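S.K.: Next comes entry.tsv, TSV, C-alpha atoms:
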```tsv
chain	number	residue	atom	x	y	z
A	2	MET	CA	19.69	-12.95	-10.42
A	3	THR	CA	19.28	-10.85	-7.29
A	4	ILE	CA	20.84	-12.89	-4.51
A	5	ALA	CA	19.99	-10.56	-1.64
A	6	ARG	CA	17.94	-7.52	-0.90
A	7	PRO	CA	19.62	-4.09	-0.95
A	8	VAL	CA	21.62	-3.19	2.16
A	9	VAL	CA	20.11	-0.14	3.85
A	10	SER	CA	22.37	1.69	6.27
A	11	GLY	CA	21.22	3.30	9.51
A	12	THR	CA	20.69	6.55	7.65
A	13	GLY	CA	18.36	4.85	5.19
A	14	LEU	CA	20.84	4.99	2.31
A	15	HIS	CA	21.86	2.02	0.19
A	16	ALA	CA	25.49	0.96	0.57
A	17	THR	CA	26.87	0.40	-2.94
A	18	ILE	CA	30.21	-0.81	-4.30
A	19	HIS	CA	30.85	-1.17	-8.04
A	20	ILE	CA	32.92	-4.12	-9.23
A	21	ALA	CA	34.98	-3.62	-12.38
A	22	ALA	CA	33.71	-5.16	-15.62
A	23	GLY	CA	35.39	-8.48	-16.29
A	24	THR	CA	35.81	-9.35	-12.62
A	25	LEU	CA	35.29	-13.07	-12.09
A	26	ILE	CA	32.80	-13.67	-9.28
A	27	THR	CA	33.79	-16.93	-7.62
A	28	ALA	CA	32.71	-18.51	-4.33
A	29	GLY	CA	35.90	-17.09	-2.85
A	30	THR	CA	35.12	-13.62	-4.15
A	31	ILE	CA	31.63	-13.75	-2.70
A	32	GLU	CA	33.02	-14.87	0.66
A	33	GLN	CA	35.42	-11.93	0.65
A	34	LEU	CA	32.57	-9.56	-0.17
A	35	ILE	CA	30.45	-11.00	2.64
A	36	ASN	CA	33.36	-10.56	5.04
A	37	LYS	CA	33.47	-6.91	4.04
A	38	GLY	CA	29.77	-6.55	4.83
A	39	ILE	CA	28.47	-6.67	1.23
A	40	GLU	CA	25.13	-8.43	1.10
A	41	CYS	CA	23.76	-7.49	-2.33
A	42	ILE	CA	25.35	-8.12	-5.71
A	43	ALA	CA	23.67	-6.97	-8.90
A	44	VAL	CA	25.15	-8.28	-12.16
A	45	ASN	CA	24.40	-5.94	-15.05
A	46	PHE	CA	25.59	-8.24	-17.84
A	47	GLU	CA	25.39	-11.96	-18.27
A	48	PRO	CA	28.78	-13.43	-17.32
A	49	GLU	CA	30.61	-15.49	-19.91
A	50	ILE	CA	30.12	-19.13	-19.11
A	51	ASP	CA	31.23	-22.43	-20.54
A	52	GLU	CA	28.13	-23.36	-22.51
A	53	THR	CA	28.92	-27.08	-22.50
A	54	LEU	CA	29.46	-27.25	-18.75
A	55	TYR	CA	26.38	-25.15	-18.10
A	56	ALA	CA	24.27	-27.34	-20.39
A	57	GLU	CA	25.46	-30.46	-18.56
A	58	SER	CA	24.73	-28.83	-15.22
A	59	THR	CA	21.24	-27.87	-16.40
A	60	VAL	CA	20.51	-31.44	-17.50
A	61	ARG	CA	21.67	-32.81	-14.13
A	62	HIS	CA	19.60	-30.16	-12.34
A	63	GLU	CA	16.41	-31.06	-14.19
A	64	ALA	CA	17.02	-34.80	-13.79
A	65	ARG	CA	17.44	-34.40	-10.02
A	66	LEU	CA	14.30	-32.27	-9.80
A	67	ARG	CA	12.30	-34.89	-11.70
A	68	GLU	CA	13.60	-37.54	-9.31
A	69	ILE	CA	12.51	-35.44	-6.29
A	70	PHE	CA	9.05	-34.70	-7.70
A	71	GLY	CA	8.45	-38.26	-8.94
A	72	GLU	CA	6.36	-39.41	-11.88
A	73	ASN	CA	2.81	-38.54	-10.85
A	74	ILE	CA	3.09	-34.78	-10.50
A	75	ASP	CA	-0.06	-32.93	-9.46
A	76	GLU	CA	-0.90	-29.42	-10.64
A	77	ASN	CA	0.43	-27.64	-7.52
A	78	CYS	CA	3.76	-29.41	-7.64
A	79	GLY	CA	3.97	-29.01	-11.41
A	80	VAL	CA	4.06	-25.21	-11.14
A	81	LEU	CA	6.92	-25.33	-8.63
A	82	LEU	CA	8.79	-27.95	-10.65
A	83	ASN	CA	8.61	-25.85	-13.81
A	84	ALA	CA	9.69	-22.73	-11.89
A	85	LEU	CA	12.72	-24.53	-10.43
A	86	ILE	CA	13.69	-25.90	-13.84
A	87	LYS	CA	13.38	-22.40	-15.28
A	88	ALA	CA	15.43	-20.95	-12.40
A	89	GLY	CA	18.27	-23.27	-13.36
A	90	PRO	CA	21.04	-24.89	-11.33
B	11	MET	CA	4.18	-44.49	26.36
B	12	LEU	CA	2.82	-41.01	25.70
B	13	SER	CA	-0.70	-40.20	24.51
B	14	LEU	CA	-2.52	-37.06	23.46
B	15	GLU	CA	-4.49	-37.15	26.73
B	16	ILE	CA	-1.42	-37.03	28.97
B	17	LEU	CA	0.94	-35.15	26.62
B	18	ASP	CA	0.54	-31.76	28.30
B	19	THR	CA	1.36	-33.24	31.70
B	20	SER	CA	4.23	-35.42	30.42
B	21	ILE	CA	6.00	-32.78	28.37
B	22	PRO	CA	7.42	-30.71	31.29
B	23	GLU	CA	9.52	-33.70	32.41
B	24	ILE	CA	10.82	-34.24	28.87
B	25	ALA	CA	11.52	-30.51	28.49
B	26	LYS	CA	13.85	-30.68	31.51
B	27	ARG	CA	16.15	-32.89	29.45
B	28	LEU	CA	16.19	-30.48	26.48
B	29	PRO	CA	18.27	-27.31	26.27
B	30	PRO	CA	16.28	-24.40	27.81
B	31	PHE	CA	14.35	-22.21	25.38
B	32	PRO	CA	16.55	-19.10	24.87
B	33	THR	CA	15.35	-16.33	27.18
B	34	VAL	CA	16.57	-13.56	24.87
B	35	VAL	CA	14.55	-15.00	21.97
B	36	ALA	CA	11.43	-15.21	24.14
B	37	GLN	CA	11.90	-11.56	25.11
B	38	VAL	CA	12.24	-10.47	21.49
B	39	LEU	CA	9.13	-12.45	20.51
B	40	ASP	CA	7.20	-10.82	23.36
B	41	GLU	CA	8.17	-7.39	22.07
B	42	LEU	CA	7.58	-8.00	18.33
B	43	HIS	CA	4.20	-6.29	18.39
B	44	ASN	CA	5.37	-3.41	20.55
B	45	PRO	CA	5.78	-0.44	18.18
B	46	ALA	CA	7.16	1.62	21.06
B	47	LEU	CA	10.09	-0.75	21.62
B	48	SER	CA	13.17	1.42	21.71
B	49	MET	CA	16.63	0.57	20.45
B	50	ASP	CA	17.85	0.83	24.03
B	51	ALA	CA	15.32	-1.75	25.22
B	52	LEU	CA	16.36	-4.15	22.46
B	53	ILE	CA	20.04	-3.79	23.32
B	54	ARG	CA	19.31	-4.29	27.01
B	55	ILE	CA	17.79	-7.63	26.03
B	56	ALA	CA	20.83	-8.55	23.95
B	57	ARG	CA	23.69	-7.16	26.05
B	58	ASN	CA	23.42	-9.84	28.75
B	59	ASP	CA	24.35	-12.43	26.15
B	60	PRO	CA	28.04	-12.09	25.20
B	61	VAL	CA	27.74	-14.03	21.92
B	62	ILE	CA	24.81	-11.94	20.71
B	63	SER	CA	26.53	-8.71	21.78
B	64	ALA	CA	29.64	-9.81	19.90
B	65	ASN	CA	27.60	-10.57	16.78
B	66	ILE	CA	25.99	-7.11	16.91
B	67	LEU	CA	29.40	-5.46	17.23
B	68	ALA	CA	30.86	-7.64	14.45
B	69	THR	CA	27.99	-6.78	12.08
B	70	ALA	CA	28.34	-3.06	12.76
B	71	ASN	CA	32.12	-3.15	12.46
B	72	ARG	CA	31.94	-4.91	9.08
B	73	VAL	CA	29.97	-1.92	7.82
B	74	ARG	CA	32.45	0.53	9.38
B	75	ARG	CA	35.47	-1.22	7.90
B	76	ILE	CA	34.07	-0.68	4.40
B	77	ASN	CA	34.39	3.02	5.10
B	78	ALA	CA	37.82	2.59	6.73
B	79	LYS	CA	36.49	3.60	10.14
B	80	SER	CA	37.75	2.26	13.46
B	81	ASP	CA	35.95	-0.60	15.22
B	82	LEU	CA	33.24	0.09	17.81
B	83	ASP	CA	33.13	-1.54	21.22
B	84	ASP	CA	29.84	-0.10	22.47
B	85	PRO	CA	26.79	-2.26	21.58
B	86	PHE	CA	24.45	0.75	21.85
B	87	VAL	CA	26.38	2.67	19.18
B	88	ALA	CA	26.71	-0.49	17.07
B	89	ALA	CA	22.97	-1.10	17.31
B	90	SER	CA	22.14	2.38	16.11
B	91	LEU	CA	24.27	1.72	13.02
B	92	ILE	CA	22.62	-1.53	11.95
B	93	GLY	CA	19.02	-0.89	13.02
B	94	THR	CA	16.37	-2.74	14.99
B	95	ASN	CA	15.41	-5.28	12.31
B	96	GLN	CA	19.00	-6.50	12.01
B	97	ILE	CA	19.32	-6.71	15.81
B	98	ARG	CA	16.14	-8.75	16.10
B	99	ARG	CA	17.48	-11.07	13.40
B	100	ILE	CA	20.84	-11.48	15.14
B	101	ILE	CA	19.17	-12.28	18.47
B	102	THR	CA	16.77	-14.85	17.02
B	103	THR	CA	19.26	-16.60	14.71
B	104	THR	CA	22.07	-16.71	17.29
B	105	GLY	CA	19.76	-17.81	20.07
B	106	MET	CA	17.94	-20.50	18.11
B	107	ASN	CA	21.04	-21.90	16.37
B	108	ARG	CA	22.69	-22.26	19.78
B	109	PHE	CA	19.56	-23.97	21.12
B	110	LEU	CA	19.83	-26.67	18.48
B	111	GLU	CA	23.62	-26.99	18.74
B	112	GLN	CA	23.55	-27.48	22.52
B	113	ASP	CA	22.35	-31.05	22.23
B	114	ARG	CA	24.67	-33.34	20.32
B	115	GLY	CA	21.72	-35.66	19.70
B	116	ALA	CA	20.21	-32.92	17.55
B	117	ALA	CA	22.83	-33.34	14.83
B	118	PHE	CA	20.46	-35.43	12.72
B	119	LEU	CA	18.00	-32.56	12.41
B	120	LEU	CA	20.41	-29.59	12.68
B	121	TRP	CA	20.92	-28.90	8.98
B	122	HIS	CA	17.38	-29.74	7.91
B	123	SER	CA	16.02	-27.34	10.54
B	124	ARG	CA	18.44	-24.63	9.45
B	125	ALA	CA	17.45	-25.08	5.81
B	126	VAL	CA	13.77	-24.77	6.72
B	127	ALA	CA	14.60	-21.72	8.85
B	128	ILE	CA	16.32	-19.99	5.92
B	129	ALA	CA	13.48	-20.82	3.51
B	130	SER	CA	10.88	-19.76	6.11
B	131	GLN	CA	12.62	-16.44	6.64
B	132	GLU	CA	12.73	-15.83	2.88
B	133	LEU	CA	9.06	-16.79	2.38
B	134	ALA	CA	8.07	-14.71	5.44
B	135	MET	CA	9.65	-11.60	3.98
B	136	LEU	CA	7.58	-12.08	0.82
B	137	SER	CA	4.41	-12.72	2.81
B	138	LEU	CA	4.33	-10.03	5.52
B	139	VAL	CA	4.94	-12.64	8.23
B	140	SER	CA	7.50	-11.74	10.90
B	141	PRO	CA	10.85	-13.20	9.72
B	142	GLU	CA	11.88	-13.56	13.38
B	143	LYS	CA	8.83	-15.66	14.23
B	144	ALA	CA	9.33	-17.70	11.06
B	145	TYR	CA	12.96	-18.42	11.95
B	146	VAL	CA	12.12	-19.50	15.51
B	147	ALA	CA	9.18	-21.67	14.45
B	148	ALA	CA	11.25	-23.31	11.72
B	149	ILE	CA	14.12	-24.19	14.06
B	150	LEU	CA	11.52	-25.72	16.41
B	151	HIS	CA	9.32	-27.43	13.81
B	152	ASP	CA	10.96	-30.86	14.32
B	153	VAL	CA	11.81	-30.43	18.00
B	154	GLY	CA	9.40	-33.29	18.76
B	155	GLN	CA	11.95	-35.62	17.13
B	156	LEU	CA	14.46	-34.45	19.72
B	157	CYS	CA	12.02	-35.52	22.46
B	158	PHE	CA	11.85	-39.02	21.00
B	159	HIS	CA	15.61	-39.12	20.63
B	160	ILE	CA	15.85	-38.39	24.36
B	161	LEU	CA	13.16	-40.91	25.35
B	162	ASP	CA	14.52	-43.85	23.31
B	163	PRO	CA	17.37	-43.06	20.92
B	164	GLU	CA	17.60	-46.55	19.38
B	165	ALA	CA	13.87	-46.92	18.75
B	166	PHE	CA	13.68	-43.46	17.26
B	167	GLN	CA	16.71	-43.94	15.01
B	168	ASP	CA	15.25	-47.24	13.76
B	169	ALA	CA	11.96	-45.51	12.91
B	170	TYR	CA	13.84	-42.60	11.35
B	171	GLN	CA	15.99	-44.83	9.13
B	172	GLN	CA	13.09	-47.06	8.04
B	173	SER	CA	11.01	-44.02	7.17
B	174	ALA	CA	13.66	-42.79	4.76
B	175	PHE	CA	12.31	-45.39	2.33
B	176	ASP	CA	8.54	-44.87	2.66
B	177	GLY	CA	8.10	-41.50	4.40
B	178	ARG	CA	5.89	-42.99	7.14
B	179	LEU	CA	7.74	-41.43	10.07
B	180	LEU	CA	4.64	-39.95	11.75
B	181	GLU	CA	2.87	-43.33	11.84
B	182	ARG	CA	5.94	-45.15	13.20
B	183	GLU	CA	6.45	-42.51	15.90
B	184	ALA	CA	2.82	-42.79	16.98
B	185	THR	CA	3.15	-46.58	17.20
B	186	ILE	CA	6.36	-46.45	19.26
B	187	PHE	CA	5.80	-43.35	21.42
B	188	GLY	CA	2.01	-42.88	21.38
B	189	VAL	CA	2.18	-39.50	19.61
B	190	ASN	CA	4.05	-38.19	16.57
B	191	HIS	CA	6.77	-35.52	16.56
B	192	SER	CA	4.37	-32.80	15.36
B	193	GLN	CA	2.13	-33.37	18.39
B	194	ALA	CA	5.07	-33.58	20.80
B	195	GLY	CA	6.63	-30.41	19.35
B	196	ALA	CA	3.36	-28.47	19.58
B	197	ALA	CA	3.02	-29.50	23.24
B	198	LEU	CA	6.56	-28.26	23.87
B	199	ALA	CA	5.73	-24.90	22.26
B	200	LYS	CA	2.79	-24.57	24.66
B	201	HIS	CA	5.01	-25.55	27.57
B	202	TRP	CA	7.43	-22.77	26.59
B	203	ALA	CA	4.46	-20.36	26.52
B	204	LEU	CA	4.96	-19.53	22.84
B	205	SER	CA	1.92	-18.05	21.12
B	206	GLU	CA	-0.76	-20.23	19.57
B	207	ASP	CA	0.50	-19.76	16.02
B	208	PHE	CA	3.80	-21.44	16.97
B	209	SER	CA	1.96	-24.53	18.23
B	210	SER	CA	-0.13	-24.59	15.08
B	211	ALA	CA	2.91	-24.16	12.82
B	212	ILE	CA	4.65	-27.11	14.50
B	213	LEU	CA	1.53	-29.29	14.73
B	214	GLU	CA	0.51	-28.82	11.09
B	215	HIS	CA	3.89	-28.66	9.35
B	216	HIS	CA	3.32	-31.96	7.52
B	217	GLU	CA	-0.35	-31.31	6.61
B	218	ASP	CA	-1.03	-30.85	2.91
B	219	SER	CA	-4.58	-29.50	3.01
B	220	ILE	CA	-4.77	-27.23	6.06
B	221	ALA	CA	-3.76	-23.59	6.48
B	222	THR	CA	-4.47	-22.38	10.01
B	223	CYS	CA	-2.49	-19.12	10.06
B	224	PRO	CA	0.20	-17.36	7.99
B	225	LEU	CA	3.04	-18.63	10.21
B	226	GLN	CA	1.89	-22.23	9.80
B	227	ALA	CA	1.56	-21.71	6.05
B	228	VAL	CA	5.13	-20.38	5.85
B	229	ILE	CA	6.66	-23.27	7.82
B	230	ASN	CA	4.61	-25.85	5.91
B	231	LEU	CA	5.67	-24.53	2.49
B	232	ALA	CA	9.28	-23.99	3.58
B	233	GLU	CA	9.44	-27.65	4.62
B	234	SER	CA	8.32	-28.59	1.09
B	235	LEU	CA	10.55	-26.04	-0.61
B	236	VAL	CA	13.80	-27.26	0.98
B	237	ARG	CA	13.02	-30.79	-0.20
B	238	ALA	CA	12.41	-29.47	-3.71
B	239	LEU	CA	15.64	-27.46	-3.56
B	240	ASP	CA	17.47	-30.55	-2.22
B	241	ILE	CA	18.91	-28.67	0.77
B	242	PRO	CA	20.51	-30.33	2.57
B	243	ALA	CA	21.18	-32.74	-0.30
B	244	SER	CA	19.74	-36.14	0.50
B	245	PRO	CA	18.67	-39.12	-1.62
B	246	LYS	CA	15.45	-39.28	0.43
B	247	ASN	CA	14.29	-35.78	-0.55
B	248	ARG	CA	10.92	-36.18	-2.25
B	249	LEU	CA	8.03	-33.78	-2.94
B	250	THR	CA	4.75	-35.26	-4.11
B	251	ARG	CA	2.25	-32.84	-2.55
B	252	LEU	CA	2.03	-29.13	-1.80
B	253	ASN	CA	-0.39	-27.49	0.62
B	254	ARG	CA	-2.78	-25.56	-1.66
B	255	PRO	CA	-4.59	-23.65	1.14
B	256	ALA	CA	-1.18	-22.51	2.43
B	257	ILE	CA	-0.18	-21.32	-1.05
B	258	ASP	CA	-3.46	-19.40	-1.35
B	259	MET	CA	-3.19	-17.93	2.15
B	260	LEU	CA	0.26	-16.46	1.43
B	261	GLY	CA	-0.53	-15.54	-2.19
B	262	ILE	CA	2.49	-17.52	-3.40
B	263	GLU	CA	3.15	-17.70	-7.14
B	264	TRP	CA	6.06	-20.08	-7.60
B	265	ASP	CA	7.05	-18.61	-10.98
B	266	SER	CA	6.90	-14.94	-9.92
B	267	PRO	CA	10.17	-12.95	-10.15
B	268	SER	CA	10.41	-12.60	-6.37
B	269	LEU	CA	10.10	-16.36	-5.84
B	270	MET	CA	12.52	-17.10	-8.68
B	271	ASP	CA	15.08	-14.97	-6.82
B	272	CYS	CA	14.14	-16.59	-3.52
B	273	TYR	CA	15.27	-20.06	-4.73
B	274	GLY	CA	18.78	-18.80	-5.45
B	275	ARG	CA	18.96	-16.94	-2.14
B	276	CYS	CA	17.89	-20.02	-0.19
B	277	ARG	CA	20.58	-22.14	-1.87
B	278	ALA	CA	23.25	-19.45	-1.46
B	279	ARG	CA	22.43	-18.79	2.20
B	280	PHE	CA	22.36	-22.47	3.05
B	281	LYS	CA	25.66	-23.08	1.29
B	282	GLN	CA	27.19	-20.17	3.16
B	283	ALA	CA	25.74	-21.44	6.45
B	284	MET	CA	27.28	-24.89	5.92
B	285	HIS	CA	30.57	-23.33	4.91
B	286	SER	CA	30.77	-21.03	7.91
B	287	GLY	CA	28.94	-23.28	10.35
B	288	ARG	CA	26.30	-20.62	11.00
B	289	VAL	CA	23.18	-19.19	9.30
```
Once more with this new file: its structure as structure tokens, please.

M.R.:
Amino acid sequence: MTIARPVVSGTGLHATIHIAAGTLITAGTIEQLINKGIECIAVNFEPEIDETLYAESTVRHEARLREIFGENIDENCGVLLNALIKAGP
Amino acid sequence: MLSLEILDTSIPEIAKRLPPFPTVVAQVLDELHNPALSMDALIRIARNDPVISANILATANRVRRINAKSDLDDPFVAASLIGTNQIRRIITTTGMNRFLEQDRGAAFLLWHSRAVAIASQELAMLSLVSPEKAYVAAILHDVGQLCFHILDPEAFQDAYQQSAFDGRLLEREATIFGVNHSQAGAALAKHWALSEDFSSAILEHHEDSIATCPLQAVINLAESLVRALDIPASPKNRLTRLNRPAIDMLGIEWDSPSLMDCYGRCRARFKQAMHSGRV
């Protein structure tokens, strides 16, 4: 997922830093990167995740979305609901 | 008791009890359509405000520290490093966040307004609407509630709490105060001499079948989107209708790659804003 647009410096060039493969990106890591002025992180490979935890999180995410959208979902809301479910937690 | 007929004449007295609309933000909005606006002119607007100047320097110095360069202390040099778009964004976000934080009574709408501001900015950038205008309009979209909080805090809080269950806040406000918060907020925008699209964005932010202009469409959909994204998290977040004309006006496709990325950015930016206390 792209979580920000590319940073363009005053000269029009993109500022880029490569993070070593295997680096764990945590909330703390992201905060450190933000403090250093990094605003765009591109992940080239899917990070290893705990499938069980992620599955549970996905179920909770969809359940909460269905609670927010209610039972009688019209066509307009249905498209957004499906997109948010697909986007994941 | 207010009414639509006397709202324009009543609002100046109420506005005196609100924080003043930030002058620097008004100046930036005035200059948005001026292609000849120079970097120097923008910095002259910002340099009289120490917090904004400090934010410009801090942003530039973060970039310099990456390259192991010494910190700057001249806002003109800092501005040339980060560019006019970033400066406009710093002025509008700093100015508008401070506007809302100045009144302790605004705490109840602070985080909702910031969430809508983030989502509006993100939608604006996908829709060729000025992100600065979107941010300002979003921070102000519920400012009418602040008017009611000033006029009668207990009555407004009662209406606000009761409406958490049935979503009928606009009707309750009209019964108690004579107008609803959308109408009061739009009158305030006129009082502050903001352009017509600001008034429209505030007036029609709860409408689900009207799209008057791109700015209104952005604020309207951002209001819906933050409820769908559950930011800030609240058991009363519900979304049962979306404004179709607004979707069509902006050309929004909720399942497009750019929107799919937008959801994650909205969540991440809001989480960061709550963590750091700023947007």

S.K.: Interatomic distance between atom CA of B:Thr103 and atom CA of B:Leu91?

M.R.: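 Rounded to one decimal, the two atoms are 19.1 Å apart.
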
S.K.: Counting all atoms listed in the file, a student should be able to say which residues of chain B come within 10 Å of chain A; what is the right answer, written as a VMD selection string?

M.R.: chain B and resid 68 to 76 89 to 94 234 to 235 237 to 240 244 to 254 257 263 to 279 282 285 to 286

S.K.: Rounded to one decimal in Å, what is the spacing between atom CA of B:Asn230 and atom CA of B:Ala211?

M.R.: 7.3 Å

S.K.: For B:Ser63, please output as an mmCIF file with C-alpha atoms, in the coordinates of the input all residues within 12 Å (counting all atoms listed in the file; exclusion window: fewer than 3 positions along the same chain).

M.R.:
```
data_model
loop_
_atom_site.group_PDB
_atom_site.id
_atom_site.type_symbol
_atom_site.label_atom_id
_atom_site.label_comp_id
_atom_site.auth_asym_id
_atom_site.auth_seq_id
_atom_site.Cartn_x
_atom_site.Cartn_y
_atom_site.Cartn_z
ATOM 1 C CA VAL B 34 16.570 -13.560 24.870
ATOM 2 C CA LEU B 52 16.360 -4.150 22.460
ATOM 3 C CA ILE B 53 20.040 -3.790 23.320
ATOM 4 C CA ARG B 54 19.310 -4.290 27.010
ATOM 5 C CA ILE B 55 17.790 -7.630 26.030
ATOM 6 C CA ALA B 56 20.830 -8.550 23.950
ATOM 7 C CA ARG B 57 23.690 -7.160 26.050
ATOM 8 C CA ASN B 58 23.420 -9.840 28.750
ATOM 9 C CA ASP B 59 24.350 -12.430 26.150
ATOM 10 C CA PRO B 60 28.040 -12.090 25.200
ATOM 11 C CA ILE B 66 25.990 -7.110 16.910
ATOM 12 C CA LEU B 67 29.400 -5.460 17.230
ATOM 13 C CA ALA B 68 30.860 -7.640 14.450
ATOM 14 C CA THR B 69 27.990 -6.780 12.080
ATOM 15 C CA ALA B 70 28.340 -3.060 12.760
ATOM 16 C CA LEU B 82 33.240 0.090 17.810
ATOM 17 C CA ASP B 83 33.130 -1.540 21.220
ATOM 18 C CA ASP B 84 29.840 -0.100 22.470
ATOM 19 C CA PRO B 85 26.790 -2.260 21.580
ATOM 20 C CA PHE B 86 24.450 0.750 21.850
ATOM 21 C CA VAL B 87 26.380 2.670 19.180
ATOM 22 C CA ALA B 88 26.710 -0.490 17.070
ATOM 23 C CA ALA B 89 22.970 -1.100 17.310
ATOM 24 C CA ILE B 97 19.320 -6.710 15.810
ATOM 25 C CA ARG B 98 16.140 -8.750 16.100
ATOM 26 C CA ILE B 100 20.840 -11.480 15.140
ATOM 27 C CA ILE B 101 19.170 -12.280 18.470
ATOM 28 C CA THR B 104 22.070 -16.710 17.290
ATOM 29 C CA GLY B 105 19.760 -17.810 20.070
#
```

S.K.: Please indicate the distance in Å from atom CA of B:Thr222 to atom CA of B:Ala148, rounded to one decimal place.

M.R.: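 It comes out at 15.8 Å.
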